[in-house]
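Undergrad: Input: one structure, supplied below.
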Amino acid sequence: MSLGEICAVLRRRWYLVLPFTLLGLLAGGYLYRTVPVSYQSQSSVALLDSTGVAGLAPTFGNPISNAGGALVVTADVLIRTIDSDDAARALHNLGVTDRYTAGFAADTSGPLLTLTVTGADRSRVLRETDALTGFAAQQLTALQTASGVPTGYAVRSAPVVLPQQPVPQSKSRYQDVAGAVILGAVAGFLLTFVAEAIALARGRRRGEGRGGAAPGPQPPSGRRIDATTVLTGYLALALFIPSNLALPALGGVGTPANVFALLGLLWYLATWLAGRITPPPGTRGPRIAVCVLAGAVLLGYVADAARGSSHEELLGADRGLIGLLVWVGLIVLSSAGVQRRDRLDLLMRRLVLLGTVVAAIGYYDFFSASNIADSIHIPGLHTSVTGIEAMDRGSFTRPRSTTAQPLEFGGMLAILLPFAIQQALDPVRRHQHVLRRWAPAAVMGGALPLTVSRTSIIGAAVVVLVMVPRWKPQRRWTALGLIAGSLAGFKVLVPGLLGTIGTLFSSFLSNSDSSTQARTVKYAEVLPYLAQRPLFGRGFGTFTPDLYFFTDNQYMLSAVELGAVGVLALLVLFASGIHSGGALRRLARTERDRELGQAFFASALVAMVISATFDALSFPMFAGVFFLILGAGGGYLGFARRAAAAGADTVPAVPDRSVLLEA
């Protein structure tokens, strides 16, 4: 449906849109007046070495100069003590009745604690913060006294930042208001098109009962919009606007790309309810897979609500549901919304082109030792997370382009590389200049080693191992020669890069790398959480680094948040993508479709493998591109199945030059 048609339906059913929109506005106004503004106060406490230890070398009496690992462990014990139930009861007796938190200060590796109190009364919050600060010092003394630590060797605490004047925290209030208004508007929108669908169905039945022709769909009016157009807009927003920029009232999930994807889902529902679009047959696989994931997420949401989780975890679970709706929208639009093969081809070419631009920005980051994303500021969007500084490994700056992290940058390029190669080999595009066809593959492939990460190299290796053996001998040997020449070129143009990457893998195999050791330690730290809730987990989106720690493994994170059911749902997702690629290759009647099926197979396999090296679905750009590719694979498989059933070739004899020029 065009925007004109949607507006016409809304005008015709104003008696449904207007009341629900007004109800949403009234509910938002009521929440704005009744929900109190919360205030937050913080203090910072540092742990200092004992006078006995500080008198020894290397500190020679200066307790501030020694903030080693032993004090970090002591700080961790103190934090856990403050977070215990016994401490909560003791603080309640001291008058601390509002919500409080204790944790390590942000961006610090030493024994520096931040104590936070949040409540509705400004003066009470300040008193409670002062009481919490004193209680922390008392608990530190009590712990050491109970252990029989001599006075001269007792660790001391010193306030670094005294309790600050409480500042208003209006974000949660605005989120409640925005949620009520959006819920009312969306309910009115959907009910409008449900009523329209019922009216159209009754009109068809009356026409059939009278023996006349049933009224068909009205011709489109206004500018034509289809799923390819909507998804192109999403990709432009997702790939070129840094994911840390979001609408202030919606939190971290309120990125422009996510909001656009949700609007796209509403557009599809309106078009489907109005009878203007139907899901093509043979494309259900990705939608079934995302339904399995949605079931696991909903079960995890119920489990999170039942265990009495903290306020931060409840907010994380709500954000997880919004993220799930975005993924559902991408799957539905790419698998059921694209009705023509040439439009799906155009979408994949646009995806590769936009990915090439993101990769090219990564070259600038690498050679200029900067992050271009940090210089992007858009009016109306606020930073939802702290900016990431340029990350180094060896003597090289790891690029991240417009992504959130170098791992996401490398992972996204790895799942796009098979399609860049497939499009370069596409016989339909042989009339184009060789540079135009091969530039995306060369730019993406060359950017992968620049990330100086095992994830990128593993992803590139999977692509080579899956695609190259399927080629004819001449193409296979040419590809191997180009790979060898590229490695030699890197050795000359970027001295030391290949040696640094080789050291990464050798240290990984010998378990001497600090990154590998940190991940190995996390396996043991995760086990208690798995044992507590092994089936449905703690809730999707609740195991955040702010409250717990990074897992650096999507399977581990899914096991903690969604339990065994979630891990199974994740494997179903990857299996759906692999199946779409394999089935498309088997049904292909042309070399072009066989290569396309192999590209989908390789991309899904890369996503499955590298998800063990970082928490892939926690990164919005990687997750969005992955779900779009997953849905597109189902769409291509539907075209192949219908062509096979009809006994027709899937590629027209004469390619549409207008479509080629549009790409």
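For the structure tokens, the naming scheme is as follows: chains receive sequential letters (A, B, ...) according to their order of presentation, residues are indexed from 1 within each chain, and ligands are indexed from 1 in presentation order.
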Considering only C-alpha atoms, return as a PyMOL selection string whatever protein or nucleic-acid residues lie within 9 Å of Asp318 in chain A, sequence-local ones (same chain, fewer than 5 positions apart) excluded.

TA: chain A and resi 301+313+323+540-541

Undergrad: Would you give me, as a list in words, the residues in range 59-165 of chain A that DSSP reads as strand (DSSP E or B)?

TA: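 Restricting range 59-165 of chain A to strand (DSSP E or B) produces Arg99, Tyr100, Thr101, Ala102, Gly103, Phe104, Leu112, Leu113, Thr114, Leu115, Thr116, Val117, Thr118, Gly119, Arg156, Ser157, Ala158, Pro159, Val160 and Val161 of chain A.
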
Undergrad: Determine, counting only C-alpha atoms, which protein, DNA and RNA residues have an atom within 10 Å of an atom of Phe550 in chain A; residues of the same chain fewer than 3 positions away are not included. Present the result as a VMD selection string.

TA: chain A and resid 519 522 543 to 547 553 557 614 to 615

Undergrad: Write a file of the just-selected residues containing N, CA, C and O atoms, as a tab-separated table (two decimals), in the first residue's frame.

TA:
```
chain	number	residue	atom	x	y	z
A	519	ARG	N	38.30	-15.29	28.80
A	519	ARG	CA	37.10	-16.00	28.38
A	519	ARG	C	36.99	-17.35	29.08
A	519	ARG	O	35.90	-17.79	29.43
A	522	LYS	N	35.53	-16.93	32.43
A	522	LYS	CA	34.11	-16.63	32.41
A	522	LYS	C	33.26	-17.90	32.31
A	522	LYS	O	32.10	-17.91	32.74
A	543	PHE	N	21.10	-10.02	31.19
A	543	PHE	CA	22.48	-10.29	31.61
A	543	PHE	C	23.40	-9.26	30.95
A	543	PHE	O	24.18	-9.57	30.05
A	544	THR	N	23.30	-8.03	31.41
A	544	THR	CA	24.05	-6.93	30.81
A	544	THR	C	25.40	-6.77	31.49
A	544	THR	O	25.56	-7.09	32.67
A	545	PRO	N	26.39	-6.23	30.77
A	545	PRO	CA	27.71	-6.02	31.38
A	545	PRO	C	27.68	-5.06	32.57
A	545	PRO	O	28.50	-5.17	33.48
A	546	ASP	N	26.73	-4.11	32.57
A	546	ASP	CA	26.65	-3.18	33.69
A	546	ASP	C	26.31	-3.90	35.00
A	546	ASP	O	26.76	-3.49	36.07
A	547	LEU	N	25.50	-4.97	34.90
A	547	LEU	CA	25.09	-5.70	36.10
A	547	LEU	C	25.95	-6.93	36.35
A	547	LEU	O	26.14	-7.31	37.51
A	553	ASN	N	30.42	-14.67	23.99
A	553	ASN	CA	30.00	-15.93	23.37
A	553	ASN	C	28.47	-15.92	23.33
A	553	ASN	O	27.82	-15.93	24.37
A	557	LEU	N	25.74	-16.66	26.30
A	557	LEU	CA	24.80	-15.64	26.70
A	557	LEU	C	23.36	-16.13	26.55
A	557	LEU	O	22.51	-15.87	27.42
A	614	PHE	N	31.98	-14.14	19.91
A	614	PHE	CA	31.49	-12.89	20.50
A	614	PHE	C	29.97	-12.97	20.58
A	614	PHE	O	29.32	-13.78	19.89
A	615	ASP	N	29.39	-12.15	21.46
A	615	ASP	CA	27.94	-12.16	21.66
A	615	ASP	C	27.28	-11.42	20.50
A	615	ASP	O	26.88	-10.26	20.60
```

Undergrad: Show which residues sit within 9 Å of Leu381 in chain A, as a PyMOL selection string. Count only C-alpha atoms, and ignore same-chain residues fewer than 4 positions away.

TA: chain A and resi 245-248+255-256+377

Undergrad: Among range 362-591 of chain A, which ones does DSSP place in helix (DSSP H, G or I), written as number ranges by chain?

TA: A: 362-368, 372-375, 406-425, 427-429, 434-450, 454-470, 473-493, 497-509, 514-532, 554-587, 591

Undergrad: Do you know which residues are at most 12 Å from range 123-125 of chain A counting only C-alpha atoms, after dropping those on the same chain fewer than 6 positions away, and could you put them as number ranges by chain?

TA: A: 38-43, 95-100, 115-117, 131-132, 163-168

Undergrad: Could I get the residues of range 450-549 of chain A with an atom no further than 10 Å from an atom of range 600-612 of chain A, each paired with its nearest atom pair and that distance in Å to one decimal, using only C-alpha atoms, sorted by chain and residue number, as JSON lines?

TA:
```
{"residue": "A:Arg454", "atom": "CA", "partner": "A:Ile610", "partner_atom": "CA", "distance": 9.2}
{"residue": "A:Thr455", "atom": "CA", "partner": "A:Ile610", "partner_atom": "CA", "distance": 5.9}
{"residue": "A:Ser456", "atom": "CA", "partner": "A:Ile610", "partner_atom": "CA", "distance": 8.3}
{"residue": "A:Ile457", "atom": "CA", "partner": "A:Ile610", "partner_atom": "CA", "distance": 9.8}
{"residue": "A:Ile458", "atom": "CA", "partner": "A:Ile610", "partner_atom": "CA", "distance": 7.2}
{"residue": "A:Gly459", "atom": "CA", "partner": "A:Val606", "partner_atom": "CA", "distance": 5.5}
{"residue": "A:Ala460", "atom": "CA", "partner": "A:Val606", "partner_atom": "CA", "distance": 8.2}
{"residue": "A:Ala461", "atom": "CA", "partner": "A:Val606", "partner_atom": "CA", "distance": 9.0}
{"residue": "A:Val462", "atom": "CA", "partner": "A:Val606", "partner_atom": "CA", "distance": 6.1}
{"residue": "A:Val463", "atom": "CA", "partner": "A:Ala602", "partner_atom": "CA", "distance": 5.7}
{"residue": "A:Val464", "atom": "CA", "partner": "A:Ala602", "partner_atom": "CA", "distance": 8.8}
{"residue": "A:Leu465", "atom": "CA", "partner": "A:Ala602", "partner_atom": "CA", "distance": 8.8}
{"residue": "A:Val466", "atom": "CA", "partner": "A:Ala602", "partner_atom": "CA", "distance": 5.9}
{"residue": "A:Met467", "atom": "CA", "partner": "A:Ala602", "partner_atom": "CA", "distance": 7.0}
```

Undergrad: Output the selection as a compact mmCIF listing (two decimals), in the first residue's frame - C-alpha atoms for each residue.

TA:
```txt
# COMPACT_ATOMS: atom_id res chain seq x y z
CA ARG A 454 40.36 -13.99 15.37
CA THR A 455 36.65 -13.57 14.60
CA SER A 456 37.31 -11.92 11.24
CA ILE A 457 39.95 -14.45 10.18
CA ILE A 458 37.78 -17.40 11.20
CA GLY A 459 34.85 -15.91 9.28
CA ALA A 460 36.97 -15.40 6.17
CA ALA A 461 38.34 -18.95 6.46
CA VAL A 462 34.82 -20.40 6.63
CA VAL A 463 33.83 -18.45 3.51
CA VAL A 464 36.86 -19.81 1.61
CA LEU A 465 36.33 -23.40 2.81
CA VAL A 466 32.65 -23.40 1.87
CA MET A 467 32.70 -21.57 -1.46
```

Undergrad: Of the candidates A:Phe639, A:Leu239, A:Gly499, A:Ala564, which one gets nearest to Ala623 in chain A if we count only C-alpha atoms?

TA: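 Looking at the shortest contact to Ala623 in chain A, the residue is A:Leu239.
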
Undergrad: With only C-alpha atoms as the atoms that count, which of A:Leu584, A:Val161, A:Leu333, A:Leu324 lies nearest to Leu596 in chain A?

TA: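 For Leu596 in chain A, the nearest of the given residues is A:Leu584.
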
Undergrad: Could you give me, as a compact mmCIF listing (two decimals) with N, CA and C atoms, in the first residue's frame, the residues within 12 Å of Ser580 in chain A, counting only C-alpha atoms and dropping anything in the same chain fewer than 3 positions from it?

TA:
```txt
# COMPACT_ATOMS: atom_id res chain seq x y z
N GLY A 282 6.09 -21.19 0.14
CA GLY A 282 7.44 -21.74 0.21
C GLY A 282 8.44 -20.88 0.94
N THR A 283 7.96 -19.85 1.66
CA THR A 283 8.88 -18.94 2.35
C THR A 283 8.71 -18.98 3.86
N ARG A 284 8.08 -20.01 4.40
CA ARG A 284 7.75 -20.01 5.83
C ARG A 284 8.93 -20.32 6.74
N GLY A 285 9.98 -20.93 6.20
CA GLY A 285 11.07 -21.41 7.05
C GLY A 285 11.63 -20.36 8.00
N PRO A 286 12.10 -19.19 7.51
CA PRO A 286 12.63 -18.18 8.43
C PRO A 286 11.60 -17.67 9.43
N ALA A 289 11.30 -20.15 12.17
CA ALA A 289 12.49 -20.10 13.03
C ALA A 289 12.42 -18.92 13.99
N SER A 335 11.21 -11.88 3.84
CA SER A 335 10.77 -13.20 3.35
C SER A 335 9.37 -13.16 2.76
N LEU A 573 17.61 -21.03 14.37
CA LEU A 573 17.84 -19.88 13.49
C LEU A 573 18.96 -20.16 12.49
N PHE A 574 20.10 -20.61 13.00
CA PHE A 574 21.22 -20.88 12.12
C PHE A 574 20.90 -22.02 11.16
N ALA A 575 20.22 -23.05 11.65
CA ALA A 575 19.86 -24.17 10.80
C ALA A 575 18.91 -23.73 9.69
N SER A 576 18.03 -22.77 9.99
CA SER A 576 17.11 -22.27 8.96
C SER A 576 17.88 -21.60 7.83
N GLY A 577 18.88 -20.78 8.18
CA GLY A 577 19.68 -20.14 7.15
C GLY A 577 20.48 -21.14 6.33
N ALA A 583 18.98 -25.85 0.25
CA ALA A 583 17.82 -26.19 -0.58
C ALA A 583 17.81 -25.37 -1.86
N LEU A 584 18.18 -24.09 -1.77
CA LEU A 584 18.23 -23.26 -2.97
C LEU A 584 19.25 -23.81 -3.96
N ARG A 585 20.37 -24.29 -3.48
CA ARG A 585 21.38 -24.86 -4.37
C ARG A 585 20.87 -26.15 -5.03
N ARG A 586 20.16 -26.97 -4.27
CA ARG A 586 19.65 -28.23 -4.83
C ARG A 586 18.57 -27.98 -5.88
N LEU A 587 17.73 -26.97 -5.65
CA LEU A 587 16.63 -26.70 -6.59
C LEU A 587 17.06 -25.85 -7.77
N ALA A 588 18.27 -25.28 -7.72
CA ALA A 588 18.71 -24.34 -8.75
C ALA A 588 18.78 -25.02 -10.11
N ARG A 594 22.78 -21.58 -8.20
CA ARG A 594 23.63 -22.48 -7.40
C ARG A 594 24.64 -21.66 -6.60
N LEU A 596 24.25 -18.55 -5.69
CA LEU A 596 23.49 -17.80 -4.70
C LEU A 596 23.17 -18.67 -3.49
N GLY A 597 22.74 -19.92 -3.75
CA GLY A 597 22.47 -20.82 -2.64
C GLY A 597 23.71 -21.09 -1.81
N GLN A 598 24.85 -21.23 -2.47
CA GLN A 598 26.09 -21.46 -1.73
C GLN A 598 26.48 -20.23 -0.90
N ALA A 599 26.16 -19.04 -1.40
CA ALA A 599 26.45 -17.82 -0.64
C ALA A 599 25.60 -17.76 0.64
N PHE A 600 24.31 -18.09 0.54
CA PHE A 600 23.47 -18.12 1.72
C PHE A 600 23.93 -19.20 2.70
N PHE A 601 24.34 -20.34 2.17
CA PHE A 601 24.85 -21.42 3.02
C PHE A 601 26.10 -20.95 3.77
N ALA A 602 27.03 -20.32 3.05
CA ALA A 602 28.28 -19.87 3.68
C ALA A 602 28.01 -18.77 4.71
N SER A 603 27.12 -17.83 4.40
CA SER A 603 26.84 -16.74 5.32
C SER A 603 26.24 -17.25 6.63
N ALA A 604 25.28 -18.17 6.53
CA ALA A 604 24.66 -18.72 7.75
C ALA A 604 25.66 -19.53 8.56
N LEU A 605 26.53 -20.27 7.86
CA LEU A 605 27.54 -21.06 8.58
C LEU A 605 28.56 -20.16 9.27
N ILE A 629 19.29 -11.07 6.04
CA ILE A 629 19.80 -12.12 5.15
C ILE A 629 19.03 -13.42 5.36
N LEU A 630 18.71 -13.73 6.61
CA LEU A 630 17.96 -14.95 6.90
C LEU A 630 16.60 -14.93 6.20
N GLY A 631 15.90 -13.79 6.29
CA GLY A 631 14.61 -13.69 5.61
C GLY A 631 14.75 -13.72 4.10
N ALA A 632 15.78 -13.05 3.57
CA ALA A 632 15.99 -13.05 2.11
C ALA A 632 16.26 -14.45 1.59
N GLY A 633 16.98 -15.26 2.38
CA GLY A 633 17.21 -16.65 1.96
C GLY A 633 15.90 -17.41 1.83
N GLY A 634 14.97 -17.19 2.77
CA GLY A 634 13.66 -17.82 2.64
C GLY A 634 12.90 -17.32 1.43
N GLY A 635 13.03 -16.01 1.11
CA GLY A 635 12.37 -15.48 -0.06
C GLY A 635 12.89 -16.08 -1.35
N TYR A 636 14.22 -16.19 -1.48
CA TYR A 636 14.79 -16.82 -2.67
C TYR A 636 14.38 -18.28 -2.77
N LEU A 637 14.33 -18.97 -1.65
CA LEU A 637 13.94 -20.37 -1.68
C LEU A 637 12.51 -20.52 -2.17
N GLY A 638 11.63 -19.58 -1.77
CA GLY A 638 10.25 -19.62 -2.27
C GLY A 638 10.19 -19.46 -3.77
N PHE A 639 10.97 -18.51 -4.33
CA PHE A 639 11.00 -18.35 -5.78
C PHE A 639 11.49 -19.63 -6.46
N ALA A 640 12.54 -20.25 -5.90
CA ALA A 640 13.09 -21.47 -6.50
C ALA A 640 12.07 -22.61 -6.44
N ARG A 641 11.37 -22.74 -5.35
CA ARG A 641 10.37 -23.81 -5.24
C ARG A 641 9.23 -23.62 -6.23
```

Undergrad: Using Å and a single decimal, report how far CA of Leu344 in chain A sits from CA of Ala442 in chain A.

TA: 23.3 Å

Undergrad: For Ile6 in chain A, which of A:Glu591, A:Asp83, A:Asp176, A:Glu196 is the closest residue, counting only C-alpha atoms?

TA: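 Answer, going by the shortest atom-to-atom distance: A:Glu196.
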
Undergrad: As a ChimeraX atom specification, please: the residues near Leu480 in chain A (cut-off 12 Å, only C-alpha atoms, same-chain neighbours under 4 positions excluded).

TA: /A:464-465,467-469,471,473-476,484-487

Undergrad: Could you save the residues just selected, with C-alpha atoms, as a PDB file, in the first residue's frame?

TA:
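Now in part20.pdb:
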```
ATOM      1  CA  VAL A 464      36.855 -19.813   1.613  1.00  0.00           C
ATOM      2  CA  LEU A 465      36.333 -23.401   2.814  1.00  0.00           C
ATOM      3  CA  MET A 467      32.699 -21.575  -1.464  1.00  0.00           C
ATOM      4  CA  VAL A 468      36.049 -22.318  -3.132  1.00  0.00           C
ATOM      5  CA  PRO A 469      35.822 -26.167  -3.193  1.00  0.00           C
ATOM      6  CA  TRP A 471      34.066 -23.987  -7.951  1.00  0.00           C
ATOM      7  CA  PRO A 473      39.233 -26.122 -11.081  1.00  0.00           C
ATOM      8  CA  GLN A 474      40.226 -23.072 -13.133  1.00  0.00           C
ATOM      9  CA  ARG A 475      38.285 -20.664 -10.907  1.00  0.00           C
ATOM     10  CA  ARG A 476      39.430 -22.492  -7.787  1.00  0.00           C
ATOM     11  CA  ALA A 484      48.176 -15.921  -1.761  1.00  0.00           C
ATOM     12  CA  GLY A 485      48.909 -12.691  -3.625  1.00  0.00           C
ATOM     13  CA  SER A 486      46.719 -10.728  -1.188  1.00  0.00           C
ATOM     14  CA  LEU A 487      48.633 -12.143   1.775  1.00  0.00           C
TER      15      LEU A 487
END
```

Undergrad: Using only C-alpha atoms, can you tell me which of A:Ile361, A:Leu314, A:Ile198, A:Leu78 comes closest to Gln139 in chain A?

TA: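 Among the listed residues, A:Leu78 lies closest to Gln139 in chain A.
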
Undergrad: So which one's closest to Arg589 in chain A, A:Gly275, A:Gly647, A:Gly264, A:Pro427? Using only C-alpha atoms, please.

TA: A:Gly647

Undergrad: Work out how far CA of Gly411 in chain A is from CA of Ala373 in chain A, in Å to one decimal.

TA: 17.7 Å
